[in-house]
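Asker: The structure follows.
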Amino acid sequence: MSIPKLPSTTSLSDLDIANALFAPIRHAEPPSPTKRHLKISIIGTGNVGMAIAQTLLTQDLVDELLALVDALPDKLRGEMLDLQHAAAFLPRTKIVASTDYAVSAASDLCIVTAGARQLTDESRLNLLQRNVNLFKKIIPPLVKYSPGCILLIVSNPVDVLTYIAWKLSGFPSNRVIGSGTNLDSSRFRFLIADHLDVNAQDVQAYIIGEHGDSSVALWSSISIGGVPILSFLEKRQIAYEKETLVNIHREVINCAYEVIKLKGYTSWAVGYSVANLARSILRDQRSIHPVSVLAKGFHDIEDGDVFLSLPAQLGRGGVLGVINVPITDEEADQLRKSATTILEVQEQLGV
Ligand code: NAD
């Protein structure tokens, strides 16, 4: 088969070249108006934002556009070009980037990873105040350009910032989600699996509550291959060390600090964790993830509007429901304590 030669002229437009390459199909129908194209925007192209971007691309989750937004134009363009240059190895996705939020228009999902870095001797509250000010610049334009999107907040402290995003957006709470303890739960499952030498995907286990130091490990509901492990051991009168459980939870809390101490930041696991959430949402998987949701009304959290992680069912509508996972009185107490701490911080911020 002979390939038609392109006329050698520099005056040809890209369209002319495309027309020369492809013979038109007669009687072709216009593209179906019902065909959905998925668009994801990522705000903040630092370590976390780029790990999420690359995981989304390799998992073929975005079929039309991945829009990147950051405040640093050179870094942003560099990251965009670097990803675009992998086009020959990836499913086709158009990647665009701009410091102008117009590039995010008509997104289905907006993932916010932008965050200020802690300054030397800066208090956590001051850092938080700076991040709140940052969100005042980020959330309103996202809402303006994508009024129907789902907001997925990753920046820390994720629970308070998800609350701030909810307030600033005016969205119903089912469309504002914090990545919450999805990552902590993955670390938990890995550590249990490692301890028992099983596959982490066979371990069902949740960390709920605050993403961070006061998170709550739901030991009572852990199952491995469908076997509720603690009640199974107790029924068979197999002894286990309570200390081991405490240590595993402590390790879940400390391992983020350890990674940051060793490599300066965390990125790969949070990239997979957020891509996993994006898949459940955009592909309407209706699967359950521990994510930060408006927790008022659950487990007797009544004092105010607070976002905390609970096992929630995610789909195209965002949060579809919160699963009634059985928790012990002690676990519920810990959860309410986390809620009180976060509410106090929100009060100090005056939001
Ligand atoms: P980073 O400093 O590498 O990246 C932050 C990016 O935000 C930078 O590129 C910066 O230019 C950008 N940015 C700052 N102001 C902006 C603005 N107004 N508009 C757009 N972009 C802006 O930080 P990182 O390591 O990528 O971490 C990002 C955030 O994710 C931090 O808050 C971190 O604590 C958080 N994080 C969350 C989890 C989780 O599980 N929720 C896990 C890891 C990290």
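Just remember, in the structure tokens the first chain shown is A, the second B, etc., residues are 1-based per chain, and ligands are 1-based in the order shown.
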Write out as a ChimeraX atom specification each polymer residue whose atoms come within 9 Å of Tyr265 of chain A, counting only C-alpha atoms; drop sequence neighbours fewer than 6 positions from it.

Answerer: /A:47-48,256-257,259

Asker: Report the residues of segment 122-273 of chain A whose backbone DSSP state falls under strand (DSSP E), written as a PyMOL selection string.

Answerer: chain A and resi 150-153+176-178+203-204+207-208+216-217+223-224+227-228

Asker: Deliver the residues from the most recent selection as a file, using all heavy atoms, as a compact mmCIF listing (two decimals), in the first residue's frame.

Answerer:
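Once everything was written out, this is again_3.txt:
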# COMPACT_ATOMS: atom_id res chain seq x y z
N ILE A 150 -17.20 17.68 41.27
CA ILE A 150 -16.98 17.15 42.63
C ILE A 150 -15.61 17.66 43.06
O ILE A 150 -14.65 17.60 42.28
CB ILE A 150 -17.05 15.61 42.64
CG1 ILE A 150 -18.52 15.20 42.38
CG2 ILE A 150 -16.55 15.03 43.95
CD1 ILE A 150 -18.71 13.73 42.14
N LEU A 151 -15.54 18.19 44.28
CA LEU A 151 -14.26 18.68 44.81
C LEU A 151 -13.64 17.59 45.66
O LEU A 151 -14.31 17.06 46.57
CB LEU A 151 -14.49 19.93 45.67
CG LEU A 151 -14.88 21.23 44.96
CD1 LEU A 151 -15.28 22.29 45.99
CD2 LEU A 151 -13.71 21.73 44.12
N LEU A 152 -12.40 17.26 45.37
CA LEU A 152 -11.68 16.27 46.17
C LEU A 152 -10.45 16.97 46.77
O LEU A 152 -9.54 17.36 46.05
CB LEU A 152 -11.28 15.07 45.29
CG LEU A 152 -10.50 13.95 45.92
CD1 LEU A 152 -11.18 13.42 47.19
CD2 LEU A 152 -10.35 12.78 44.94
N ILE A 153 -10.48 17.14 48.07
CA ILE A 153 -9.43 17.92 48.74
C ILE A 153 -8.37 16.97 49.31
O ILE A 153 -8.70 15.98 49.98
CB ILE A 153 -10.04 18.77 49.90
CG1 ILE A 153 -11.25 19.59 49.40
CG2 ILE A 153 -8.97 19.66 50.54
CD1 ILE A 153 -10.98 20.53 48.26
N VAL A 176 -18.38 17.43 48.12
CA VAL A 176 -17.09 17.91 48.66
C VAL A 176 -16.52 16.80 49.54
O VAL A 176 -17.11 16.44 50.57
CB VAL A 176 -17.27 19.21 49.47
CG1 VAL A 176 -15.90 19.75 49.90
CG2 VAL A 176 -18.03 20.26 48.67
N ILE A 177 -15.40 16.25 49.12
CA ILE A 177 -14.84 15.06 49.77
C ILE A 177 -13.38 15.32 50.10
O ILE A 177 -12.65 15.91 49.30
CB ILE A 177 -14.93 13.84 48.80
CG1 ILE A 177 -16.38 13.63 48.33
CG2 ILE A 177 -14.38 12.57 49.45
CD1 ILE A 177 -16.49 12.68 47.14
N GLY A 178 -12.95 14.89 51.28
CA GLY A 178 -11.53 14.97 51.62
C GLY A 178 -10.92 13.58 51.48
O GLY A 178 -11.55 12.58 51.82
N VAL A 203 -7.11 -7.85 53.07
CA VAL A 203 -7.34 -7.32 54.42
C VAL A 203 -8.34 -6.18 54.33
O VAL A 203 -8.11 -5.18 53.64
CB VAL A 203 -6.01 -6.78 55.03
CG1 VAL A 203 -6.25 -6.20 56.42
CG2 VAL A 203 -4.96 -7.88 55.07
N GLN A 204 -9.46 -6.33 55.02
CA GLN A 204 -10.44 -5.23 55.10
C GLN A 204 -10.25 -4.58 56.44
O GLN A 204 -10.44 -5.23 57.49
CB GLN A 204 -11.84 -5.81 55.01
CG GLN A 204 -12.45 -5.73 53.64
CD GLN A 204 -13.92 -5.38 53.72
OE1 GLN A 204 -14.62 -5.90 54.57
NE2 GLN A 204 -14.39 -4.52 52.84
N ILE A 207 -9.12 2.81 59.05
CA ILE A 207 -8.76 3.87 59.99
C ILE A 207 -9.78 4.96 59.72
O ILE A 207 -10.02 5.31 58.55
CB ILE A 207 -7.34 4.42 59.70
CG1 ILE A 207 -6.28 3.34 59.88
CG2 ILE A 207 -7.05 5.65 60.53
CD1 ILE A 207 -5.78 3.11 61.27
N ILE A 208 -10.41 5.48 60.75
CA ILE A 208 -11.40 6.55 60.53
C ILE A 208 -11.02 7.77 61.37
O ILE A 208 -10.02 7.77 62.07
CB ILE A 208 -12.84 6.07 60.85
CG1 ILE A 208 -12.98 5.67 62.33
CG2 ILE A 208 -13.26 4.93 59.95
CD1 ILE A 208 -14.41 5.53 62.80
N VAL A 216 -8.54 6.93 64.33
CA VAL A 216 -9.09 5.81 65.12
C VAL A 216 -9.00 4.53 64.29
O VAL A 216 -9.49 4.48 63.15
CB VAL A 216 -10.58 6.09 65.47
CG1 VAL A 216 -11.16 4.96 66.30
CG2 VAL A 216 -10.73 7.44 66.18
N ALA A 217 -8.36 3.50 64.87
CA ALA A 217 -8.26 2.21 64.17
C ALA A 217 -9.46 1.35 64.56
O ALA A 217 -9.72 1.15 65.75
CB ALA A 217 -6.96 1.51 64.57
N SER A 223 -11.32 -7.71 58.89
CA SER A 223 -11.48 -9.10 58.45
C SER A 223 -10.43 -9.43 57.40
O SER A 223 -9.96 -8.55 56.68
CB SER A 223 -12.89 -9.34 57.90
OG SER A 223 -13.07 -8.63 56.72
N ILE A 224 -10.07 -10.69 57.38
CA ILE A 224 -9.07 -11.16 56.41
C ILE A 224 -9.70 -12.30 55.62
O ILE A 224 -10.11 -13.31 56.23
CB ILE A 224 -7.77 -11.59 57.10
CG1 ILE A 224 -7.14 -10.35 57.75
CG2 ILE A 224 -6.80 -12.24 56.11
CD1 ILE A 224 -6.09 -10.61 58.74
N VAL A 227 -12.91 -13.29 57.14
CA VAL A 227 -12.94 -13.79 58.53
C VAL A 227 -12.71 -12.62 59.49
O VAL A 227 -11.65 -11.97 59.42
CB VAL A 227 -11.83 -14.86 58.75
CG1 VAL A 227 -11.84 -15.35 60.20
CG2 VAL A 227 -12.01 -16.00 57.78
N PRO A 228 -13.69 -12.30 60.35
CA PRO A 228 -13.47 -11.22 61.32
C PRO A 228 -12.41 -11.65 62.32
O PRO A 228 -12.65 -12.50 63.18
CB PRO A 228 -14.84 -11.03 62.00
CG PRO A 228 -15.65 -12.20 61.60
CD PRO A 228 -14.98 -12.97 60.53

Asker: When the cut-off is 9 Å and you count only C-alpha atoms and all ligand atoms, which residues lie near ligand 1, shown as a ChimeraX atom specification?

Answerer: /A:43-51,69-73,75-76,99,112-117,131,133-138,153-159,178-184,211-212,256,264-267,269-271,273-274

Asker: Quick one: distance from atom CA of Thr341 of chain A to atom CA of Ile288 of chain A in Å, one decimal?

Answerer: 25.9 Å

Asker: I'd like the contact shell of segment 55-63 of chain A - 8 Å cut-off, only C-alpha atoms, skipping same-chain residues fewer than 3 positions apart - returned as a tab-separated table (two decimals) with all heavy atoms, in the first residue's frame.

Answerer:
chain	number	residue	atom	x	y	z
A	37	HIS	N	-17.15	12.57	28.11
A	37	HIS	CA	-15.70	12.70	28.19
A	37	HIS	C	-15.38	13.11	29.61
A	37	HIS	O	-16.03	14.00	30.15
A	37	HIS	CB	-15.21	13.77	27.22
A	37	HIS	CG	-15.33	13.34	25.79
A	37	HIS	ND1	-14.51	12.41	25.24
A	37	HIS	CD2	-16.18	13.72	24.83
A	37	HIS	CE1	-14.85	12.23	23.98
A	37	HIS	NE2	-15.86	13.00	23.71
A	38	LEU	N	-14.41	12.49	30.20
A	38	LEU	CA	-14.10	12.82	31.58
A	38	LEU	C	-12.97	13.84	31.65
A	38	LEU	O	-11.96	13.70	30.97
A	38	LEU	CB	-13.70	11.56	32.35
A	38	LEU	CG	-14.83	10.55	32.58
A	38	LEU	CD1	-14.31	9.35	33.33
A	38	LEU	CD2	-15.98	11.20	33.35
A	39	LYS	N	-13.18	14.83	32.49
A	39	LYS	CA	-12.13	15.84	32.66
A	39	LYS	C	-11.81	15.97	34.15
A	39	LYS	O	-12.71	16.15	34.97
A	39	LYS	CB	-12.60	17.18	32.09
A	39	LYS	CG	-11.62	18.32	32.35
A	39	LYS	CD	-11.94	19.55	31.55
A	39	LYS	CE	-10.96	20.68	31.85
A	39	LYS	NZ	-11.19	21.87	31.04
A	40	ILE	N	-10.54	15.88	34.44
A	40	ILE	CA	-10.08	16.07	35.82
A	40	ILE	C	-9.13	17.25	35.85
A	40	ILE	O	-8.26	17.38	34.98
A	40	ILE	CB	-9.35	14.81	36.35
A	40	ILE	CG1	-10.29	13.59	36.36
A	40	ILE	CG2	-8.81	15.05	37.76
A	40	ILE	CD1	-9.66	12.32	36.92
A	51	ALA	N	2.21	13.21	41.45
A	51	ALA	CA	2.08	11.75	41.65
A	51	ALA	C	0.64	11.33	41.31
A	51	ALA	O	0.42	10.28	40.70
A	51	ALA	CB	2.41	11.39	43.10
A	52	ILE	N	-0.32	12.18	41.68
A	52	ILE	CA	-1.72	11.86	41.34
A	52	ILE	C	-1.88	11.89	39.82
A	52	ILE	O	-2.48	10.98	39.23
A	52	ILE	CB	-2.68	12.87	42.01
A	52	ILE	CG1	-2.62	12.74	43.54
A	52	ILE	CG2	-4.12	12.67	41.52
A	52	ILE	CD1	-3.33	13.84	44.30
A	66	LEU	N	-6.75	16.35	31.14
A	66	LEU	CA	-6.18	16.50	32.46
A	66	LEU	C	-5.67	17.93	32.51
A	66	LEU	O	-4.76	18.29	31.76
A	66	LEU	CB	-5.03	15.51	32.66
A	66	LEU	CG	-4.33	15.59	34.00
A	66	LEU	CD1	-5.26	15.19	35.13
A	66	LEU	CD2	-3.12	14.67	34.01
A	90	LEU	N	1.24	5.97	26.64
A	90	LEU	CA	0.05	6.04	27.50
A	90	LEU	C	-1.22	6.05	26.67
A	90	LEU	O	-1.19	6.42	25.49
A	90	LEU	CB	0.09	7.33	28.33
A	90	LEU	CG	1.13	7.41	29.44
A	90	LEU	CD1	1.22	8.84	29.98
A	90	LEU	CD2	0.78	6.45	30.57
A	91	PRO	N	-2.36	5.69	27.28
A	91	PRO	CA	-3.63	5.90	26.58
A	91	PRO	C	-3.77	7.39	26.27
A	91	PRO	O	-3.26	8.24	27.01
A	91	PRO	CB	-4.68	5.48	27.62
A	91	PRO	CG	-3.95	4.70	28.64
A	91	PRO	CD	-2.54	5.18	28.64
A	92	ARG	N	-4.46	7.71	25.16
A	92	ARG	CA	-4.51	9.10	24.71
A	92	ARG	C	-5.28	9.97	25.69
A	92	ARG	O	-6.42	9.70	26.03
A	92	ARG	CB	-5.18	9.19	23.34
A	92	ARG	CG	-5.17	10.59	22.77
A	92	ARG	CD	-5.70	10.63	21.35
A	92	ARG	NE	-5.76	11.99	20.87
A	92	ARG	CZ	-6.82	12.77	21.02
A	92	ARG	NH1	-7.90	12.31	21.64
A	92	ARG	NH2	-6.82	14.01	20.57
A	93	THR	N	-4.63	11.01	26.17
A	93	THR	CA	-5.25	11.99	27.07
A	93	THR	C	-4.68	13.35	26.71
A	93	THR	O	-3.47	13.49	26.54
A	93	THR	CB	-4.90	11.69	28.54
A	93	THR	OG1	-5.41	10.41	28.88
A	93	THR	CG2	-5.52	12.72	29.48
A	94	LYS	N	-5.55	14.33	26.58
A	94	LYS	CA	-5.05	15.68	26.31
A	94	LYS	C	-4.66	16.30	27.65
A	94	LYS	O	-5.46	16.29	28.59
A	94	LYS	CB	-6.14	16.49	25.61
A	94	LYS	CG	-5.63	17.78	25.08
A	94	LYS	CD	-6.63	18.42	24.14
A	94	LYS	CE	-6.07	19.74	23.64
A	94	LYS	NZ	-7.07	20.52	22.94
A	271	GLY	N	-0.62	9.28	45.71
A	271	GLY	CA	-1.01	9.28	44.29
A	271	GLY	C	-1.96	8.13	43.99
A	271	GLY	O	-3.02	8.32	43.37
A	272	TYR	N	-1.61	6.92	44.44
A	272	TYR	CA	-2.47	5.76	44.20
A	272	TYR	C	-3.79	5.89	44.97
A	272	TYR	O	-4.86	5.53	44.47
A	272	TYR	CB	-1.75	4.47	44.62
A	272	TYR	CG	-0.79	4.00	43.55
A	272	TYR	CD1	0.57	4.26	43.65
A	272	TYR	CD2	-1.25	3.33	42.43
A	272	TYR	CE1	1.46	3.85	42.66
A	272	TYR	CE2	-0.38	2.92	41.44
A	272	TYR	CZ	0.98	3.18	41.55
A	272	TYR	OH	1.82	2.79	40.56
A	275	ALA	N	-6.01	8.40	43.14
A	275	ALA	CA	-6.47	7.85	41.86
A	275	ALA	C	-7.55	6.80	42.10
A	275	ALA	O	-8.52	6.70	41.34
A	275	ALA	CB	-5.30	7.24	41.10
A	278	ALA	N	-10.67	8.65	42.67
A	278	ALA	CA	-11.14	9.23	41.40
A	278	ALA	C	-11.85	8.16	40.57
A	278	ALA	O	-12.89	8.40	39.97
A	278	ALA	CB	-9.97	9.83	40.63
A	279	ARG	N	-11.29	6.95	40.56
A	279	ARG	CA	-11.90	5.86	39.80
A	279	ARG	C	-13.29	5.55	40.34
A	279	ARG	O	-14.26	5.43	39.59
A	279	ARG	CB	-11.03	4.60	39.86
A	279	ARG	CG	-11.68	3.37	39.24
A	279	ARG	CD	-10.80	2.15	39.41
A	279	ARG	NE	-9.57	2.27	38.64
A	279	ARG	CZ	-9.48	2.01	37.33
A	279	ARG	NH1	-10.54	1.58	36.67
A	279	ARG	NH2	-8.35	2.16	36.70

Asker: What is the atom CA of Val325 of chain A-atom CA of Leu294 of chain A distance in Å, reported with one decimal?

Answerer: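 Going from atom CA of Val325 of chain A over to atom CA of Leu294 of chain A, I get 16.2 Å.
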
Asker: Using only C-alpha atoms, pick whichever of A:Val143, A:Leu277, A:Asp284, A:Asn254 has the shortest atom-to-atom distance to Trp166 of chain A.

Answerer: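 Of A:Val143, A:Leu277, A:Asp284, A:Asn254, the one nearest Trp166 of chain A, counting only C-alpha atoms, is A:Val143.
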
Asker: Give me, as an MDAnalysis selection string, all polymer residues having an atom no more than 9 Å from His299 of chain A, counting only C-alpha atoms and skipping those fewer than 6 positions away in the same chain.

Answerer: chainID A and resid 327 332:333 335:336

Asker: Within 12 Å of Val246 of chain A, counting only C-alpha atoms, which residues show up once you throw out same-chain ones fewer than 6 positions away? Write them as a list in words, please.

Answerer: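 Returned residues: Phe188, Ile192, Val216, Ala217, Leu218, Trp219, Tyr240, Val252 and Ile253 of chain A.
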
Asker: Output all heavy atoms for every residue in the selection just made, as a compact mmCIF listing (two decimals), in the first residue's frame.

Answerer:
# COMPACT_ATOMS: atom_id res chain seq x y z
N PHE A 188 -2.45 0.94 57.01
CA PHE A 188 -2.92 -0.01 58.03
C PHE A 188 -3.03 -1.42 57.43
O PHE A 188 -2.52 -2.40 57.99
CB PHE A 188 -4.30 0.48 58.48
CG PHE A 188 -4.86 -0.15 59.72
CD1 PHE A 188 -4.07 -0.46 60.81
CD2 PHE A 188 -6.23 -0.38 59.82
CE1 PHE A 188 -4.62 -1.01 61.96
CE2 PHE A 188 -6.78 -0.91 60.97
CZ PHE A 188 -5.98 -1.24 62.04
N ILE A 192 -0.82 -4.75 58.52
CA ILE A 192 -1.46 -5.99 58.99
C ILE A 192 -1.06 -7.14 58.06
O ILE A 192 -0.69 -8.24 58.51
CB ILE A 192 -3.00 -5.83 59.04
CG1 ILE A 192 -3.40 -4.78 60.08
CG2 ILE A 192 -3.68 -7.16 59.35
CD1 ILE A 192 -4.85 -4.35 60.00
N VAL A 216 -8.54 6.93 64.33
CA VAL A 216 -9.09 5.81 65.12
C VAL A 216 -9.00 4.53 64.29
O VAL A 216 -9.49 4.48 63.15
CB VAL A 216 -10.58 6.09 65.47
CG1 VAL A 216 -11.16 4.96 66.30
CG2 VAL A 216 -10.73 7.44 66.18
N ALA A 217 -8.36 3.50 64.87
CA ALA A 217 -8.26 2.21 64.17
C ALA A 217 -9.46 1.35 64.56
O ALA A 217 -9.72 1.15 65.75
CB ALA A 217 -6.96 1.51 64.57
N LEU A 218 -10.21 0.89 63.56
CA LEU A 218 -11.39 0.06 63.88
C LEU A 218 -10.99 -1.42 63.94
O LEU A 218 -11.24 -2.18 63.01
CB LEU A 218 -12.48 0.28 62.81
CG LEU A 218 -13.16 1.64 62.78
CD1 LEU A 218 -14.36 1.60 61.84
CD2 LEU A 218 -13.61 2.07 64.17
N TRP A 219 -10.41 -1.80 65.07
CA TRP A 219 -9.96 -3.18 65.23
C TRP A 219 -11.11 -4.16 65.18
O TRP A 219 -11.00 -5.26 64.65
CB TRP A 219 -9.21 -3.34 66.57
CG TRP A 219 -7.91 -2.62 66.54
CD1 TRP A 219 -7.60 -1.44 67.15
CD2 TRP A 219 -6.74 -3.02 65.84
NE1 TRP A 219 -6.31 -1.08 66.86
CE2 TRP A 219 -5.76 -2.04 66.06
CE3 TRP A 219 -6.42 -4.12 65.01
CZ2 TRP A 219 -4.49 -2.12 65.52
CZ3 TRP A 219 -5.15 -4.20 64.47
CH2 TRP A 219 -4.20 -3.20 64.72
N TYR A 240 -3.45 -13.22 71.53
CA TYR A 240 -2.71 -12.24 70.73
C TYR A 240 -2.36 -11.08 71.64
O TYR A 240 -3.04 -10.81 72.62
CB TYR A 240 -3.52 -11.78 69.50
CG TYR A 240 -4.81 -11.07 69.85
CD1 TYR A 240 -4.85 -9.69 70.03
CD2 TYR A 240 -5.98 -11.79 70.02
CE1 TYR A 240 -6.04 -9.05 70.36
CE2 TYR A 240 -7.17 -11.16 70.36
CZ TYR A 240 -7.19 -9.78 70.52
OH TYR A 240 -8.36 -9.16 70.86
N VAL A 252 1.14 3.33 61.82
CA VAL A 252 0.34 3.99 60.77
C VAL A 252 0.49 5.51 60.91
O VAL A 252 0.67 6.23 59.92
CB VAL A 252 -1.15 3.60 60.89
CG1 VAL A 252 -2.01 4.47 59.97
CG2 VAL A 252 -1.35 2.13 60.55
N ILE A 253 0.42 5.98 62.16
CA ILE A 253 0.50 7.43 62.40
C ILE A 253 1.91 7.95 62.09
O ILE A 253 2.08 8.99 61.45
CB ILE A 253 0.09 7.76 63.86
CG1 ILE A 253 -1.39 7.42 64.06
CG2 ILE A 253 0.37 9.23 64.20
CD1 ILE A 253 -1.85 7.45 65.50

Asker: Any chance you could list, as a tab-separated table (two decimals) with N, CA and C atoms, in the first residue's frame, the residues in segment 93-195 of chain A that come up alpha helix (DSSP H) when DSSP is run on the backbone?

Answerer:
chain	number	residue	atom	x	y	z
A	124	ARG	N	1.18	25.53	63.76
A	124	ARG	CA	0.29	24.81	62.83
A	124	ARG	C	-0.93	25.67	62.50
A	125	LEU	N	-1.34	26.46	63.51
A	125	LEU	CA	-2.52	27.30	63.30
A	125	LEU	C	-2.23	28.39	62.26
A	126	ASN	N	-1.01	28.96	62.35
A	126	ASN	CA	-0.64	29.99	61.39
A	126	ASN	C	-0.57	29.43	59.97
A	127	LEU	N	0.02	28.22	59.87
A	127	LEU	CA	0.09	27.55	58.57
A	127	LEU	C	-1.32	27.32	58.03
A	128	LEU	N	-2.18	26.89	58.93
A	128	LEU	CA	-3.56	26.61	58.53
A	128	LEU	C	-4.24	27.89	58.03
A	129	GLN	N	-4.00	28.98	58.77
A	129	GLN	CA	-4.59	30.27	58.36
A	129	GLN	C	-4.12	30.64	56.95
A	130	ARG	N	-2.84	30.39	56.66
A	130	ARG	CA	-2.33	30.71	55.32
A	130	ARG	C	-2.98	29.82	54.27
A	131	ASN	N	-3.22	28.54	54.64
A	131	ASN	CA	-3.86	27.63	53.68
A	131	ASN	C	-5.33	28.01	53.46
A	132	VAL	N	-5.97	28.52	54.52
A	132	VAL	CA	-7.36	28.99	54.36
A	132	VAL	C	-7.38	30.15	53.37
A	133	ASN	N	-6.40	31.07	53.51
A	133	ASN	CA	-6.33	32.21	52.59
A	133	ASN	C	-6.09	31.74	51.15
A	134	LEU	N	-5.27	30.69	51.03
A	134	LEU	CA	-5.00	30.10	49.71
A	134	LEU	C	-6.29	29.53	49.11
A	135	PHE	N	-7.05	28.85	49.94
A	135	PHE	CA	-8.30	28.23	49.46
A	135	PHE	C	-9.31	29.30	49.01
A	136	LYS	N	-9.22	30.49	49.64
A	136	LYS	CA	-10.14	31.57	49.22
A	136	LYS	C	-9.84	32.02	47.79
A	137	LYS	N	-8.58	31.75	47.33
A	137	LYS	CA	-8.22	32.10	45.95
A	137	LYS	C	-8.51	30.93	45.00
A	138	ILE	N	-8.56	29.72	45.53
A	138	ILE	CA	-8.66	28.53	44.67
A	138	ILE	C	-10.10	28.07	44.46
A	139	ILE	N	-10.85	27.97	45.55
A	139	ILE	CA	-12.19	27.34	45.45
A	139	ILE	C	-13.18	28.18	44.62
A	140	PRO	N	-13.28	29.52	44.85
A	140	PRO	CA	-14.27	30.27	44.07
A	140	PRO	C	-14.09	30.15	42.54
A	141	PRO	N	-12.85	30.27	41.99
A	141	PRO	CA	-12.75	30.10	40.53
A	141	PRO	C	-13.07	28.67	40.07
A	142	LEU	N	-12.74	27.67	40.89
A	142	LEU	CA	-13.08	26.30	40.49
A	142	LEU	C	-14.59	26.16	40.37
A	143	VAL	N	-15.29	26.72	41.34
A	143	VAL	CA	-16.76	26.64	41.36
A	143	VAL	C	-17.34	27.42	40.17
A	144	LYS	N	-16.72	28.57	39.89
A	144	LYS	CA	-17.21	29.40	38.77
A	144	LYS	C	-17.11	28.62	37.45
A	145	TYR	N	-15.95	27.97	37.24
A	145	TYR	CA	-15.74	27.32	35.94
A	145	TYR	C	-16.31	25.90	35.87
A	158	VAL	N	-6.30	18.01	56.03
A	158	VAL	CA	-7.33	17.76	55.03
A	158	VAL	C	-8.75	17.91	55.57
A	159	ASP	N	-8.97	17.55	56.84
A	159	ASP	CA	-10.35	17.60	57.35
A	159	ASP	C	-10.85	19.05	57.46
A	160	VAL	N	-10.01	19.93	58.03
A	160	VAL	CA	-10.41	21.34	58.17
A	160	VAL	C	-10.53	21.98	56.79
A	161	LEU	N	-9.58	21.67	55.90
A	161	LEU	CA	-9.60	22.32	54.58
A	161	LEU	C	-10.78	21.81	53.73
A	162	THR	N	-11.23	20.58	53.98
A	162	THR	CA	-12.42	20.09	53.27
A	162	THR	C	-13.65	20.87	53.74
A	163	TYR	N	-13.69	21.13	55.05
A	163	TYR	CA	-14.78	21.95	55.60
A	163	TYR	C	-14.75	23.35	54.97
A	164	ILE	N	-13.53	23.94	54.88
A	164	ILE	CA	-13.38	25.28	54.30
A	164	ILE	C	-13.85	25.26	52.83
A	165	ALA	N	-13.43	24.22	52.10
A	165	ALA	CA	-13.82	24.11	50.68
A	165	ALA	C	-15.34	23.99	50.56
A	166	TRP	N	-15.95	23.25	51.46
A	166	TRP	CA	-17.41	23.08	51.44
A	166	TRP	C	-18.10	24.43	51.65
A	167	LYS	N	-17.59	25.17	52.66
A	167	LYS	CA	-18.17	26.49	52.97
A	167	LYS	C	-17.99	27.45	51.80
A	168	LEU	N	-16.76	27.48	51.24
A	168	LEU	CA	-16.47	28.45	50.17
A	168	LEU	C	-17.21	28.11	48.88
A	169	SER	N	-17.45	26.81	48.67
A	169	SER	CA	-18.05	26.39	47.39
A	169	SER	C	-19.56	26.58	47.36
A	182	ASN	N	-8.15	7.53	53.67
A	182	ASN	CA	-8.02	6.48	52.65
A	182	ASN	C	-6.57	5.99	52.60
A	183	LEU	N	-5.64	6.95	52.71
A	183	LEU	CA	-4.21	6.60	52.70
A	183	LEU	C	-3.81	5.91	54.01
A	184	ASP	N	-4.28	6.45	55.15
A	184	ASP	CA	-3.94	5.83	56.45
A	184	ASP	C	-4.45	4.37	56.46
A	185	SER	N	-5.64	4.14	55.88
A	185	SER	CA	-6.20	2.79	55.89
A	185	SER	C	-5.38	1.86	55.01
A	186	SER	N	-4.82	2.41	53.92
A	186	SER	CA	-3.97	1.59	53.06
A	186	SER	C	-2.69	1.20	53.81
A	187	ARG	N	-2.15	2.19	54.56
A	187	ARG	CA	-0.94	1.88	55.36
A	187	ARG	C	-1.28	0.82	56.41
A	188	PHE	N	-2.45	0.94	57.01
A	188	PHE	CA	-2.92	-0.01	58.03
A	188	PHE	C	-3.03	-1.42	57.43
A	189	ARG	N	-3.64	-1.50	56.26
A	189	ARG	CA	-3.83	-2.81	55.61
A	189	ARG	C	-2.48	-3.41	55.23
A	190	PHE	N	-1.57	-2.56	54.76
A	190	PHE	CA	-0.24	-3.05	54.41
A	190	PHE	C	0.46	-3.63	55.65
A	191	LEU	N	0.39	-2.90	56.77
A	191	LEU	CA	1.11	-3.34	57.97
A	191	LEU	C	0.52	-4.63	58.53
A	192	ILE	N	-0.82	-4.75	58.52
A	192	ILE	CA	-1.46	-5.99	58.99
A	192	ILE	C	-1.06	-7.14	58.06
A	193	ALA	N	-1.13	-6.87	56.75
A	193	ALA	CA	-0.80	-7.91	55.77
A	193	ALA	C	0.65	-8.36	55.93
A	194	ASP	N	1.52	-7.39	56.15
A	194	ASP	CA	2.94	-7.68	56.30
A	194	ASP	C	3.16	-8.53	57.55
A	195	HIS	N	2.42	-8.17	58.62
A	195	HIS	CA	2.54	-8.88	59.89
A	195	HIS	C	2.09	-10.34	59.75

Asker: Which residue, A:Leu314, A:Ala23, A:Ile260, A:Ile301, has the smallest gap to Asn276 of chain A when you use only C-alpha atoms?

Answerer: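 When distances to Asn276 of chain A are compared using only C-alpha atoms, the smallest one comes from A:Leu314.
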
Asker: Taking only C-alpha atoms into account, name the residue in A:Ser220, A:Ser123, A:Ser292, A:Gln346 that is nearest to Glu234 of chain A.

Answerer: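 Smallest distance to Glu234 of chain A is found for A:Ser220.
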
Asker: For atom CA of Ser338 of chain A and atom CA of Ser215 of chain A, determine how far apart the two atoms are, in Å to one decimal place.

Answerer: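 These atoms are spaced 7.6 Å apart.
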
Asker: Taking 2 positions as the minimum chain separation for residues in the same chain, which residues sit within 8 Å of Leu310 of chain A when counting only C-alpha atoms? Answer as a list in words.

Answerer: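 These residues fall inside the cut-off: Ile208, Gly209, His289, Pro290, Val291, Ser292, Val293, Ala295, Leu308, Ala312, Val322 and Ile323 of chain A.
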